[in-house]
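Here is the structure we will look at.
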Amino acid sequence: MAGKPKLYYFDGRGKMESIRWLLAAAGVEFEEEFLETREQYEKLLQGGSLLFQQVPMVEIDGMKMVQTRAILNYIAAKYNLYGKDLKERALIDMYVGGTDDLMGLMLMFPFLSAEDKEKQRAVIVQKATTRYFPAYEKVLKDHGQNFLVGNNFSWADVHLLEAILMVEEKKSDVLSGFPRLQAFKARISSMPTIKKFLEPGSQRKPVSDDKYVATVRRVLLMY
């Protein structure tokens, strides 16, 4: 029997958080090794574990997988969160890609100066409320179903909920003009595996703080 997936990253969100979300949504237990020193990182490099000299890296099913999208694709397909046919998979990829674009606006937020954070906060909220959330509101309105694709729970739903909660951290009432997304958020959040992941004590990571930023800068020599 294969062991639990093992995740190699920092003790914070970054590019690994969506992987944590998807594994948790699938009900899969996983282990984590947090990078805290440059020596840990160099050991992974020297051992050939990081194909492109980058993390995230996930050990799963005898593989050492890198590249966030490849890891997510594999998890989604393995745990039946990737649609029932090629057309559904294409829609999931499309919706996940859009959500990725929104989340990309937040990836480097913890590393910004206080002044730049306020500017970026406004950009995030503006893009969310005029480009991305209206699109998903329309998808849910047009097909009238509970989930984004095929009326089945998928990676697209997990990714969108993660993004919604991230944007709400920037502006708590950001969904006020999107009733279907409000219902979607409540519905997906109440699913057993998601509900468990959202509870205190789970492996979900909090908003990245100065300690996380300092660790990343130290390990990756970002000075």
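Residues in the structure tokens are numbered from 1 in each chain, the chains being A, B, ... in the order shown, and ligands are numbered from 1 in the order shown.
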Please report as a tab-separated table every residue of range 140-198 of chain A lying within 8 Å of range 109-126 of chain A, along with the nearest atom pair and their distance in Å (one decimal), using only C-alpha atoms.
residue	atom	partner	partner_atom	distance
A:Val167	CA	A:Val125	CA	7.0
A:Lys170	CA	A:Arg121	CA	6.3
A:Lys171	CA	A:Val125	CA	7.2
A:Val174	CA	A:Val125	CA	7.3
Which of range 22-145 of chain A DSSP labels alpha helix (DSSP H), written as a VMD selection string: chain A and resid 22 to 25 38 to 46 68 to 78 86 to 107 114 to 127 133 to 143
All strand (DSSP E) positions in range 9-204 of chain A, as a list in words: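 Strand (DSSP E) assignments inside range 9-204 of chain A correspond to Tyr9, Glu31, Glu32, Glu33, Phe34, Met57, Val58, Glu59, Ile60, Met63, Lys64, Met65 and Val66 of chain A.
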Residues within 10 Å of Leu44 in chain A, only C-alpha atoms, excluding chain neighbours under 3 positions, as a ChimeraX atom specification: /A:8,39-41,47-51,53-55,57
Shell of 6 Å around range 65-82 of chain A, only C-alpha atoms, local chain residues under 2 positions omitted, as a PyMOL selection string: chain A and resi 57-58+63+89+154-155
Counting only C-alpha atoms, the residue of A:Gly144, A:Asp173, A:Phe34, A:Leu181 that sits nearest Met16 in chain A: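 Once distances to Met16 in chain A are computed over only C-alpha atoms, the minimum belongs to A:Phe34.
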Straight-line distance linking CA of Pro179 in chain A with CA of Met94 in chain A, stated in Å to one decimal: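 Rounded to one decimal, the two atoms are 22.3 Å apart.
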Close residues, Ala186 in chain A itself excluded, 12 Å, only C-alpha atoms, min 6 positions apart in chain, as a ChimeraX atom specification: /A:146-147,157,161,164-165,175,179-180,194-195
Residue nearest Arg218 in chain A - candidates A:Arg13, A:Glu32, A:Ala24, A:Arg38, atoms counted: only C-alpha atoms: A:Arg38
Can you tell me, as a tab-separated table (two decimals) with C-alpha atoms, in the first residue's frame, what residues are no more than 12 Å from Ala163 in chain A when counting only C-alpha atoms, ignoring any on the same chain fewer than 2 positions away?
chain	number	residue	atom	x	y	z
A	17	GLU	CA	-1.84	25.81	-0.89
A	18	SER	CA	-4.01	24.81	-3.87
A	21	TRP	CA	-6.87	22.18	-0.84
A	95	TYR	CA	-12.37	27.66	-15.14
A	96	VAL	CA	-9.29	26.69	-13.14
A	97	GLY	CA	-7.17	28.80	-15.50
A	98	GLY	CA	-9.37	31.83	-14.90
A	99	THR	CA	-9.25	31.31	-11.16
A	100	ASP	CA	-5.47	30.91	-11.37
A	101	ASP	CA	-5.22	34.31	-13.03
A	102	LEU	CA	-7.12	35.87	-10.14
A	103	MET	CA	-5.09	34.01	-7.52
A	104	GLY	CA	-1.91	35.04	-9.30
A	105	LEU	CA	-2.69	38.63	-8.35
A	106	MET	CA	-2.42	37.57	-4.69
A	107	LEU	CA	0.59	35.25	-4.81
A	124	ILE	CA	-7.45	42.42	-6.71
A	125	VAL	CA	-10.91	43.55	-5.67
A	128	ALA	CA	-12.46	40.00	-8.94
A	132	TYR	CA	-13.81	36.91	-12.61
A	133	PHE	CA	-16.77	36.77	-10.23
A	136	TYR	CA	-18.66	32.47	-12.55
A	156	ALA	CA	-12.96	23.79	-10.52
A	157	ASP	CA	-15.25	24.14	-7.49
A	158	VAL	CA	-12.42	23.63	-5.02
A	159	HIS	CA	-10.21	26.18	-6.75
A	160	LEU	CA	-12.94	28.80	-6.95
A	161	LEU	CA	-13.83	28.48	-3.27
A	165	LEU	CA	-11.98	33.08	0.53
A	166	MET	CA	-8.66	34.70	-0.41
A	167	VAL	CA	-10.38	37.72	-1.93
A	168	GLU	CA	-12.71	37.99	1.06
A	169	GLU	CA	-9.58	38.41	3.20
A	170	LYS	CA	-8.94	41.57	1.19
A	174	VAL	CA	-16.77	41.25	-1.96
A	175	LEU	CA	-19.56	38.76	-2.81
A	181	LEU	CA	-21.59	32.78	-5.69
A	185	LYS	CA	-19.60	29.35	-1.26
Gap from CA of Asn152 in chain A to CA of Ser190 in chain A - Å, one decimal: 15.0 Å
Given only C-alpha atoms as the counted atoms, nearest of A:Leu220, A:Phe197, A:Tyr212, A:Leu91 to Leu45 in chain A: A:Leu220
Gap from CA of Phe184 in chain A to CA of Ser172 in chain A - Å, one decimal: 16.2 Å
